[in-house]
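Student: The following file, target30.txt, comprises compact mmCIF, C-alpha atoms and all ligand atoms:
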# COMPACT_ATOMS: atom_id res chain seq x y z
CA MET A 1 7.51 -7.85 -4.69
CA LYS A 2 4.72 -5.34 -5.31
CA PRO A 3 1.26 -6.84 -4.66
CA LEU A 4 -0.61 -7.75 -7.82
CA ILE A 5 -4.17 -6.46 -7.66
CA ILE A 6 -6.66 -7.81 -10.17
CA ALA A 7 -10.17 -6.48 -10.74
CA ASN A 8 -12.79 -8.97 -11.89
CA TRP A 9 -15.75 -7.00 -13.23
CA LYS A 10 -17.66 -10.23 -13.96
CA CYS A 11 -20.76 -9.55 -16.11
CA ASN A 12 -20.75 -5.76 -15.45
CA PRO A 13 -21.41 -3.01 -16.43
CA THR A 14 -24.08 -3.51 -19.09
CA ASN A 15 -23.07 -0.70 -21.45
CA LEU A 16 -19.91 0.80 -22.92
CA ILE A 17 -20.56 4.28 -21.51
CA GLU A 18 -20.50 2.97 -17.95
CA ALA A 19 -17.52 0.75 -18.71
CA LYS A 20 -15.55 3.71 -20.07
CA LYS A 21 -16.43 5.82 -17.03
CA LEU A 22 -15.08 3.10 -14.78
CA PHE A 23 -11.94 2.62 -16.90
CA ASN A 24 -11.34 6.37 -16.71
CA LYS A 25 -11.68 6.58 -12.95
CA VAL A 26 -9.11 3.84 -12.36
CA ARG A 27 -6.79 4.67 -15.23
CA SER A 28 -3.87 5.71 -13.02
CA LEU A 29 -3.82 2.45 -11.03
CA ASP A 30 -1.08 -0.11 -11.59
CA VAL A 31 -3.46 -3.08 -11.59
CA VAL A 32 -4.92 -5.67 -13.95
CA ILE A 33 -8.53 -5.14 -14.99
CA CYS A 34 -10.56 -8.06 -16.29
CA PRO A 35 -13.72 -6.63 -17.87
CA PRO A 36 -16.22 -8.55 -20.02
CA PHE A 37 -14.71 -9.54 -23.41
CA VAL A 38 -16.60 -6.84 -25.32
CA TYR A 39 -14.86 -4.02 -23.42
CA LEU A 40 -11.34 -5.32 -23.91
CA ASN A 41 -10.77 -3.15 -26.95
CA THR A 42 -11.62 0.13 -25.22
CA ARG A 43 -8.00 0.41 -24.11
CA TYR A 44 -7.28 1.81 -27.55
CA LYS A 45 -9.62 4.72 -26.81
CA ILE A 46 -8.62 5.68 -23.28
CA GLN A 47 -5.48 7.77 -22.96
CA ASP A 48 -2.69 7.45 -20.40
CA THR A 49 -3.80 4.31 -18.68
CA LYS A 50 -1.52 2.55 -16.25
CA TYR A 51 -3.57 -0.60 -15.80
CA LYS A 52 -3.18 -3.74 -17.87
CA LEU A 53 -6.09 -5.74 -19.21
CA GLY A 54 -6.97 -9.37 -18.73
CA ALA A 55 -9.82 -11.69 -19.68
CA GLN A 56 -12.16 -13.57 -17.36
CA ASN A 57 -12.10 -16.81 -19.31
CA CYS A 58 -10.89 -18.43 -22.53
CA HIS A 59 -11.46 -21.56 -24.57
CA TYR A 60 -9.17 -24.59 -24.50
CA GLU A 61 -8.59 -24.60 -28.26
CA GLN A 62 -6.93 -21.82 -30.25
CA SER A 63 -9.46 -21.89 -33.12
CA GLY A 64 -12.05 -24.07 -34.80
CA THR A 65 -15.70 -25.02 -34.77
CA TYR A 66 -16.57 -23.77 -31.28
CA THR A 67 -19.45 -21.33 -31.61
CA GLY A 68 -19.37 -18.58 -29.01
CA GLU A 69 -15.86 -19.24 -27.71
CA ILE A 70 -12.88 -16.87 -27.44
CA SER A 71 -9.44 -18.46 -27.76
CA PRO A 72 -6.24 -17.69 -25.85
CA LYS A 73 -4.53 -16.85 -29.14
CA MET A 74 -7.15 -14.16 -29.82
CA LEU A 75 -6.52 -12.66 -26.39
CA GLU A 76 -2.78 -12.69 -26.95
CA ASP A 77 -3.31 -11.06 -30.33
CA LEU A 78 -5.25 -8.25 -28.62
CA GLY A 79 -2.15 -7.59 -26.55
CA LEU A 80 -3.44 -9.11 -23.33
CA LYS A 81 -1.18 -10.83 -20.82
CA TYR A 82 -3.57 -12.23 -18.22
CA VAL A 83 -6.57 -14.56 -18.20
CA ILE A 84 -8.61 -15.83 -15.25
CA ILE A 85 -9.22 -19.57 -15.47
CA GLY A 86 -11.42 -21.83 -13.37
CA HIS A 87 -13.30 -19.14 -11.47
CA SER A 88 -15.83 -20.79 -9.15
CA GLU A 89 -18.69 -19.08 -11.00
CA ARG A 90 -17.56 -20.87 -14.16
CA ARG A 91 -17.14 -24.14 -12.34
CA ILE A 92 -20.63 -23.85 -10.80
CA HIS A 93 -22.81 -22.13 -13.44
CA PHE A 94 -21.08 -23.39 -16.59
CA LYS A 95 -20.09 -26.82 -15.32
CA GLU A 96 -16.39 -26.36 -16.00
CA THR A 97 -14.56 -29.45 -14.82
CA ASP A 98 -10.98 -29.75 -13.62
CA GLU A 99 -10.21 -31.55 -16.90
CA MET A 100 -11.48 -28.55 -18.91
CA ILE A 101 -9.60 -26.15 -16.66
CA ASN A 102 -6.42 -28.17 -17.16
CA LYS A 103 -6.86 -27.90 -20.94
CA LYS A 104 -7.56 -24.17 -20.69
CA LEU A 105 -4.43 -23.61 -18.61
CA LYS A 106 -2.29 -25.45 -21.14
CA ALA A 107 -3.85 -23.54 -24.06
CA ALA A 108 -3.37 -20.18 -22.32
CA LEU A 109 0.28 -20.96 -21.54
CA LYS A 110 0.82 -22.08 -25.13
CA ALA A 111 -0.53 -18.73 -26.35
CA GLY A 112 1.93 -16.94 -24.07
CA LEU A 113 -0.63 -15.74 -21.50
CA LYS A 114 -0.30 -15.70 -17.72
CA PRO A 115 -3.22 -17.67 -16.30
CA ILE A 116 -4.78 -16.79 -12.95
CA LEU A 117 -6.08 -20.10 -11.64
CA CYS A 118 -8.90 -19.83 -9.07
CA ILE A 119 -9.22 -22.53 -6.45
CA GLY A 120 -11.09 -22.84 -3.17
CA GLU A 121 -13.57 -24.79 -1.13
CA LYS A 122 -17.34 -24.41 -0.77
CA LYS A 123 -19.03 -23.95 2.58
CA GLY A 124 -18.68 -27.02 4.74
CA GLU A 125 -15.98 -28.58 2.56
CA ASN A 126 -12.50 -29.44 3.78
CA ALA A 127 -10.28 -26.66 2.38
CA LYS A 128 -7.06 -28.69 2.20
CA LYS A 129 -8.75 -31.63 0.54
CA ILE A 130 -10.43 -29.44 -2.10
CA ILE A 131 -7.35 -27.33 -2.75
CA SER A 132 -5.04 -30.31 -3.18
CA GLY A 133 -7.55 -32.08 -5.43
CA GLN A 134 -8.01 -29.01 -7.63
CA LEU A 135 -4.28 -28.32 -7.86
CA LYS A 136 -3.50 -31.92 -8.72
CA LYS A 137 -6.10 -32.13 -11.50
CA ASP A 138 -5.90 -28.57 -12.82
CA LEU A 139 -2.08 -28.58 -13.06
CA LYS A 140 -1.69 -32.12 -14.37
CA GLY A 141 1.07 -32.47 -16.97
CA ILE A 142 2.20 -28.83 -16.79
CA SER A 143 6.00 -28.42 -16.76
CA LYS A 144 7.82 -26.89 -13.79
CA LYS A 145 8.82 -23.91 -15.91
CA ASP A 146 5.23 -23.28 -16.94
CA LEU A 147 3.93 -23.73 -13.39
CA SER A 148 5.89 -20.66 -12.31
CA LYS A 149 3.95 -18.60 -14.91
CA ILE A 150 0.62 -19.50 -13.32
CA ILE A 151 -0.80 -17.21 -10.65
CA ILE A 152 -2.99 -18.91 -8.06
CA ALA A 153 -5.99 -17.13 -6.55
CA TYR A 154 -7.24 -18.72 -3.35
CA GLU A 155 -10.93 -17.87 -3.32
CA PRO A 156 -13.08 -19.75 -0.81
CA VAL A 157 -16.41 -20.03 -2.62
CA TRP A 158 -18.39 -19.14 0.50
CA ALA A 159 -16.53 -15.81 0.68
CA ILE A 160 -17.24 -14.72 -2.88
CA GLY A 161 -19.77 -11.92 -3.20
CA THR A 162 -21.13 -12.56 0.29
CA GLY A 163 -19.38 -9.88 2.35
CA ASP A 164 -18.19 -12.77 4.53
CA PHE A 165 -14.46 -12.58 3.73
CA CYS A 166 -12.12 -15.30 4.94
CA LYS A 167 -10.28 -13.91 7.95
CA PRO A 168 -6.62 -13.29 7.04
CA ASP A 169 -5.32 -15.71 9.71
CA LYS A 170 -7.50 -18.47 8.35
CA ALA A 171 -6.62 -17.62 4.73
CA LYS A 172 -2.95 -17.80 5.69
CA LYS A 173 -3.39 -21.48 6.54
CA ALA A 174 -4.59 -22.12 3.00
CA LEU A 175 -1.77 -19.94 1.67
CA ASP A 176 0.88 -21.97 3.52
CA PHE A 177 -0.70 -25.18 2.29
CA ILE A 178 -0.72 -24.00 -1.35
CA LYS A 179 2.89 -22.83 -1.03
CA GLN A 180 3.94 -26.37 -0.16
CA LYS A 181 2.49 -27.52 -3.48
CA ILE A 182 3.48 -24.78 -5.93
CA ASN A 183 6.12 -22.10 -5.98
CA THR A 184 4.42 -19.12 -7.61
CA ARG A 185 2.47 -15.95 -6.81
CA ILE A 186 -0.60 -16.58 -4.67
CA LEU A 187 -3.47 -14.08 -4.35
CA TYR A 188 -6.49 -13.95 -2.06
CA GLY A 189 -10.01 -13.29 -3.32
CA GLY A 190 -13.46 -13.21 -1.71
CA SER A 191 -15.28 -10.11 -0.44
CA VAL A 192 -12.10 -8.02 -0.27
CA ASN A 193 -12.73 -4.44 0.86
CA SER A 194 -10.52 -1.45 1.63
CA LYS A 195 -10.53 -2.08 5.37
CA ILE A 196 -9.19 -5.60 5.07
CA SER A 197 -7.05 -5.51 1.90
CA LYS A 198 -3.77 -4.80 3.68
CA SER A 199 -4.16 -7.68 6.12
CA TYR A 200 -3.93 -10.28 3.34
CA ILE A 201 -0.68 -8.79 2.08
CA LYS A 202 0.62 -8.70 5.66
CA VAL A 203 0.06 -12.42 6.16
CA GLY A 204 1.96 -13.16 2.95
CA PHE A 205 -0.40 -13.12 -0.04
CA ASN A 206 1.19 -11.65 -3.17
CA GLY A 207 -1.92 -9.79 -4.22
CA LEU A 208 -5.71 -9.74 -4.41
CA LEU A 209 -8.49 -10.69 -6.79
CA VAL A 210 -11.30 -8.20 -6.26
CA GLY A 211 -14.82 -8.71 -7.59
CA GLY A 212 -17.76 -6.61 -6.42
CA ALA A 213 -15.66 -3.86 -4.85
CA SER A 214 -13.79 -3.28 -8.13
CA LEU A 215 -16.98 -1.84 -9.65
CA ASP A 216 -16.91 1.01 -7.14
CA ALA A 217 -13.95 3.13 -8.32
CA GLN A 218 -13.46 4.98 -5.03
CA GLU A 219 -13.48 1.81 -2.99
CA PHE A 220 -11.21 0.03 -5.46
CA ILE A 221 -8.69 2.89 -5.36
CA LYS A 222 -8.70 2.61 -1.55
CA ILE A 223 -8.19 -1.16 -1.71
CA VAL A 224 -5.15 -0.67 -3.93
CA LYS A 225 -3.70 2.15 -1.84
CA ASN A 226 -4.15 0.27 1.42
CA ALA A 227 -2.70 -2.94 0.05
P1 LIG B 1 -15.96 -10.65 -4.65
O1 LIG B 1 -15.51 -11.56 -5.87
O2 LIG B 1 -14.80 -9.71 -4.36
O3 LIG B 1 -17.17 -9.92 -5.12
O4 LIG B 1 -16.22 -11.54 -3.50
C1 LIG B 1 -14.22 -12.08 -5.97
C2 LIG B 1 -14.13 -12.92 -7.22
O5 LIG B 1 -15.13 -13.52 -7.60
O6 LIG B 1 -13.07 -13.00 -7.84
Can you turn what I pasted into structure tokens?
Tutor:
Amino acid sequence: MKPLIIANWKCNPTNLIEAKKLFNKVRSLDVVICPPFVYLNTRYKIQDTKYKLGAQNCHYEQSGTYTGEISPKMLEDLGLKYVIIGHSERRIHFKETDEMINKKLKAALKAGLKPILCIGEKKGENAKKIISGQLKKDLKGISKKDLSKIIIAYEPVWAIGTGDFCKPDKAKKALDFIKQKINTRILYGGSVNSKISKSYIKVGFNGLLVGGASLDAQEFIKIVKNA
């Protein structure tokens, strides 16, 4: 299976001109790009793109009195297929709980989206304990058929945005552990760069979730080529 490479632009760039420049530079890549919500519509304006678009988050209801929220149904209506759910930055800065993440996963699946569920331990935490706890709570009540539609991203929190990536051999231990619990595609994320990207695929990951490095088009192209 071809590795699935996902770019998470997070809260960048801060204007449409820069966003379009970046979209243009990576338009021939067969990847999924998750830009901020406001840039999701630019796909209608950029010609001959190969990438698909995804969102970085969604609400757990499809509509209603939820000021400021974007629902899975709206994303599906835009023609999107992917949505990141439970990213550690959302868990930490926006106090998203496993219960909320579980509701978001169910809502995204109901809207026909493919969720990318992020899990992983913080520095000093026991990886297996955290991973199994998150999987148990986040996936509660989801049918076997739906579980296979969920993509898991193993992202140790200490490796995100720090340059201190999780060594592929160590990440493989988490990968093997996750595989025992769920039979689906599993990606690695956390300070991925072009020198290391291939090693994660070699140890068995089905793709990568790339944050910071996806904002540098040249580096991102190299990551994809090497992987
Ligand atoms: P990073 O982010 O590549 O900048 O570490 C990964 C992520 O947050 O998904």
Student: Determine the nearest neighbour of ligand LIG 1 (chain B) from the options A:His87, A:Lys45, A:Lys21, A:His59, counting all atoms listed in the file.
Tutor: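 Closest candidate: A:His87.
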Student: Show me which residues line ligand LIG 1 (chain B), defined as having an atom within 10 Å of a ligand atom where only C-alpha atoms and all ligand atoms count, and present them as JSON, numbers by chain.
Tutor: {"A": [6, 7, 8, 9, 10, 56, 84, 87, 88, 89, 118, 153, 154, 155, 156, 157, 158, 159, 160, 161, 162, 163, 164, 165, 188, 189, 190, 191, 192, 193, 208, 209, 210, 211, 212, 213, 214, 215]}
Student: Just give me the gap between CA of Lys114 in chain A and CA of Asn206 in chain A in Å, one decimal is fine.
Tutor: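 CA of Lys114 in chain A sits 15.2 Å away from CA of Asn206 in chain A.
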Student: Please provide as a PDB file with C-alpha atoms, in the coordinates of the input all residues within 9 Å of range 175-183 of chain A, with the sequence filter that same-chain residues fewer than 4 positions apart are discarded (counting all atoms listed in the file).
Tutor:
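The resulting file, part_5.pdb, is shown below:
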ATOM      1  CA  LYS A 128      -7.060 -28.690   2.200  1.00  0.00           C
ATOM      2  CA  ILE A 131      -7.350 -27.330  -2.750  1.00  0.00           C
ATOM      3  CA  SER A 132      -5.040 -30.310  -3.180  1.00  0.00           C
ATOM      4  CA  LEU A 135      -4.280 -28.320  -7.860  1.00  0.00           C
ATOM      5  CA  LEU A 147       3.930 -23.730 -13.390  1.00  0.00           C
ATOM      6  CA  SER A 148       5.890 -20.660 -12.310  1.00  0.00           C
ATOM      7  CA  ILE A 152      -2.990 -18.910  -8.060  1.00  0.00           C
ATOM      8  CA  TYR A 154      -7.240 -18.720  -3.350  1.00  0.00           C
ATOM      9  CA  LYS A 170      -7.500 -18.470   8.350  1.00  0.00           C
ATOM     10  CA  ALA A 171      -6.620 -17.620   4.730  1.00  0.00           C
ATOM     11  CA  LEU A 187      -3.470 -14.080  -4.350  1.00  0.00           C
ATOM     12  CA  TYR A 188      -6.490 -13.950  -2.060  1.00  0.00           C
ATOM     13  CA  VAL A 203       0.060 -12.420   6.160  1.00  0.00           C
ATOM     14  CA  GLY A 204       1.960 -13.160   2.950  1.00  0.00           C
ATOM     15  CA  PHE A 205      -0.400 -13.120  -0.040  1.00  0.00           C
TER      16      PHE A 205
END
Student: Draw an axis-aligned box over all listed atoms of range 120-125 of chain A, pad each side with 4 Å, and write its centre and edge lengths in Å, one decimal, as lines of an AutoDock Vina configuration file.
Tutor:
center_x = -15.1
center_y = -25.7
center_z = 0.8
size_x = 15.9
size_y = 13.7
size_z = 15.9
Student: Provide the CA of Phe23 in chain A to CA of Leu78 in chain A distance in Å, to one decimal place.
Tutor: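 Computed distance, CA of Phe23 in chain A to CA of Leu78 in chain A, equals 17.3 Å.
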Student: Extract, using all atoms listed in the file, all DNA, RNA and protein residues at most 8 Å from Lys104 in chain A, discarding same-chain residues fewer than 3 positions from it, and format them as an MDAnalysis selection string.
Tutor: chainID A and resid 58:61 85 100:101 107:108
Student: Just to be explicit: take each residue in the selection above, keep C-alpha atoms, and write the result as a PDB file, in the frame of the given file.
Tutor:
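Result went into out-v5.pdb, see below:
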ATOM      1  CA  CYS A  58     -10.890 -18.430 -22.530  1.00  0.00           C
ATOM      2  CA  HIS A  59     -11.460 -21.560 -24.570  1.00  0.00           C
ATOM      3  CA  TYR A  60      -9.170 -24.590 -24.500  1.00  0.00           C
ATOM      4  CA  GLU A  61      -8.590 -24.600 -28.260  1.00  0.00           C
ATOM      5  CA  ILE A  85      -9.220 -19.570 -15.470  1.00  0.00           C
ATOM      6  CA  MET A 100     -11.480 -28.550 -18.910  1.00  0.00           C
ATOM      7  CA  ILE A 101      -9.600 -26.150 -16.660  1.00  0.00           C
ATOM      8  CA  ALA A 107      -3.850 -23.540 -24.060  1.00  0.00           C
ATOM      9  CA  ALA A 108      -3.370 -20.180 -22.320  1.00  0.00           C
TER      10      ALA A 108
END
Student: Find the residues around range 70-77 of chain A up to 12 Å (all atoms listed in the file counted), leave out those fewer than 3 positions away in its own chain, and share them as a VMD selection string.
Tutor: chain A and resid 34 36 to 38 40 to 41 53 to 67 80 to 85 103 to 115
